[in-house]
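Here is the structure we will look at.
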Amino acid sequence: MSALKAFRHDLSASIVVFLIAIPLSLGIAAASGAPLLAGLIAAVVGGIVAGALSGAPLQVSGPAAGLTVIVAGTIVEFGFAGTAAIVAVAGGVQILLGVTRLGRAALALSPAVVHGMLAGIGLVIALSQIHVVLGGAPQSSAWANLRDLPGQITGHHGVSVMLGALTIALLLIWPRLVKTTLLPAALIAVVAATVVATALGIDVQRVDLPAEPLSELTTARWPEAPLREITVAVITIALVASVESLLSAVAVDRMHAGPRANLNRELIAQGAANTVSGTLGGLPVTGVIVRSSTNVTAGARTRASAILHGVWIAVFVLFCAAVLEMIPMAALAAVLVVVGLRLVSLAQIRAYARHRELPVYLITAAGVTATDLLTGVGLGMAAAVLFMLWRLARCEIRTTQPAPDTWLVSISGSLAFIASGRLTRRLAALPAAQHVEVELHLDYLDHGAYETLRDWQQSYIRTGGDVHISEVHDSWFHRATSDRLGAGKSTPRFLGSWSRWQGADRDRQGAMAAGIREFERSVAPLVRPELAELTHNGQAPDQLFITCADSRLVPNLITASGPGDLFCVRNVGNIVPANDAPDTSVAAAIDYAITVLGITTITVCGHSGCSAVRALMSGTPDTDSALGRWLAQAGVHFDDPTDEQACCTANITQQLANLRTHPTVNAAVAAGRLTLTGMYFDIAQARMYAVDPNRRHHAIST
């Protein structure tokens with residue numbers, strides 16, 4: 001993308017963010033009990049300073065919603081001038097944390113903790129600002145706001161309720177009516193409430209800004225208080241602001257596909273912004289998820305959008321302060337109520353319920369709401385660790401009888417020594433002298449549990465029973481047994497051949513039947529819905545995959561593809577006879593793939609140790625045999641018949657050339673509908689390479 005095109009995206013995004021930042025900054029300042037100008041200063045500094053230095057280019061910084069309670073308490077204790085000095089010093093602490101490279105610690109947090117934190121912040125904001133909408137004043141804590149809410153609802157509301165209701169209604173309805181991001185709902189709602197209040201001459205509390213903003217900046221002043229209390233305030237603001245900014249950066253990273261955040265650099269940028277904001281008499285600055293998500297949605301490409309939004313705020317405050325002073329405070333509070341409630345996402349709650357992480361989300365949200373952000377995140381992290389340990393120590397044991405005298409014991413999860421007692425009881429309950437299939441679906445098997453299972457197996461066999469232990473996904477049990485016997489490693493079932501997962505003692509003549517039974521028992525239930533859909537809708541693969549019939553080459557395995565992905569042609573030597581060749585079987589598949597299936601890529605895949613290529617390397621094929629006549633259609637010439645790898649890739653290159661002799665291929669390639677590629681699979685390395693006709697080959701995997 002050109003710099004000019006990126007700038008156009010950034011310019012439009014900066015205007016959208018500016019329009020939503022004005023009401024949010026004023027509302028957060030009011031909720032914190034700080035001068036309204038302090039919120040605008042933080043917005044300007046957050047946009048320009050943090051934006052210019054940011055390690056998260058699409059994150060937008062401004063006054064911290066998650067710090068409203070902490071800032072309000074600090075102002076009560078030290079006064080606003082003292083709070084500004086504390087914010088400036090806290091910025092220095094953040095810079096120190098960034099320089100010492102502690103920023104990446106935020107990546108260790110569970111997403112459930114991150115989203116629970118955002119939900120808690122949203123509830124704190126909504127509970128405080130609903131009192132302003134109802135014509136009252138917010139209390140000092142979420143609990144106090146919740147406790148006093150019934151009395152506030154039944155009390156005297158005045159016109160503020162009407163303005164707040166109008167604002168909330170527009171915030172909810174406007175996005176459904178108008179899709180453009182150039183007219184954000186927050187701006188429309190606040191403007192509408194302001195117009196109504198002004199037109200009707202309503203006497204309501206409005207925004208109050210200094211007549212000369214630059215001459216009336218609050219100068220940071222060191223508070224007259226014990227050093228210990230000041231230190232606690234500095235560290236609290238520094239840590240909470242750092243955590244909120246870093247978690248916001250991590251959340252923003254999940255919203256776009258651009259460069260990932262450099263969290264240490266972001267921490268330094270936030271520290272610099274807080275030092276400047278505090279010095280100028282502004283509120284603490286953090287990365288703000290509401291503005292950042294708006295920035296991403298509006299199409300921002302670089303940090304220029306964040307910087308420009310700060311510039312627009314500064315220009316507006318200096319030259320259009322009178323316009324801001326017309327805004328009713330109830331309208332700003334209504335905006336914050338909706339913004340806060342939207343941070344509690346029902347979609348995320350459903351997702352975490354499905355993944356069994358809802359308790360972590362709820363504990364974090366409740367902790368942030370009931371205490372403060374830092375304590376809530378700490379509780380959420382502790383809950384996440386406890387739930388992780390619980391899962392690691394948890395296994396599920398199911399016992400069924402699929403046939404007379406046959407029992408199936410399925411064990412899934414993590415089998416550790418602490419579950420040995422339960423495992424022993426379940427196995428001891430099995431009738432004697434039966435055939436028992438033990439199926440392990442394990443993420444982990446420790447030595448104590450292995451010994452329990454192995455001892456039971458040997459004891460059960462001695463009493464006349466038969467036990468066969470098989471493993472899905474991994475080979476914890478067989479690997480431990482092999483190590484004990486010095487016999488090397490076992491291969492996981494779905495990656496190994498029949499002889500590997502069935503055991504060397506099985507009769508390979510029944511391997512096919514055993515494999516089919518295994519598919520119908522464990523794999524079919526998983527793929528049946530997808531196969532049923534393909535049966536109903538028909539196949540629509542994007543790829544024609546032409547490869548060798550060699551039994552060691554498994555297309556779906558080496559491409560990690562599934563049903564419906566590949567239209568395959570397999571033959572000896574992955575040969576594509578030219579258009580005028582007598583054999584038309586491959587040509588028929590090519591025509592069908594292009595004209596009927598509409599495939600967009602044809603891949604010719606050869607492999608190391610190809611017997612067909614070796615036969616061609618030894619000389620001209622004997623055309624008296626069917627195999628010789630088939631190999632003769634390859635049409636390949638080898639520059640160095642002694643270099644097997646070069647011959648294998650030369651064969652792939654020649655088959656690509658043969659492909660181009662087919663009219664349907666040429667027409668599709670010329671129209672831009674079809675791409676031809678060559679690949680070489682090294683069996684010993686289990687690695688795929690792209691074939692370049694001008695070179696031998698080069699890796700495409702890492």
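So you can find residues: chains in the structure tokens are A, B, ... in the order shown, residues in each start at 1, and ligands are numbered from 1 in order.
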
Tell me which protein, DNA and RNA residues are within 7 Å of A:Val45, counting only C-alpha atoms, leaving out same-chain ones fewer than 4 positions away, and put them as a PyMOL selection string. chain A and resi 41+49-50+273+277+310

Checklist entry - If you count only C-alpha atoms, which residues fall within 10 Å of A:Asp640, apart from same-chain ones fewer than 5 positions away, as a PyMOL selection string? => result chain A and resi 617+646-647

Q. So which residues of stretch 268-440 of chain A fall under helix (DSSP H, G or I) by DSSP, listed as a ChimeraX atom specification?
A. /A:268-279,289-297,304-319,321-324,329-342,346-354,358-370,373-392,417-428

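Interatomic distance, atom CA of A:Ile28 against atom CA of A:Leu149: 19.9 Å.
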
Problem set entry | Near-A:Gln270 list (8 Å; only C-alpha atoms; drop same-chain fewer than 2 positions) as a ChimeraX atom specification | /A:46,50,54,91,94-95,242,245,266-268,272-274,285-287

Residue contacts of A:Gly678 (9 Å, only C-alpha atoms) excluding same-chain residues fewer than 4 positions away, as a PyMOL selection string: chain A and resi 602-606+649+652-653+655-656+689-693
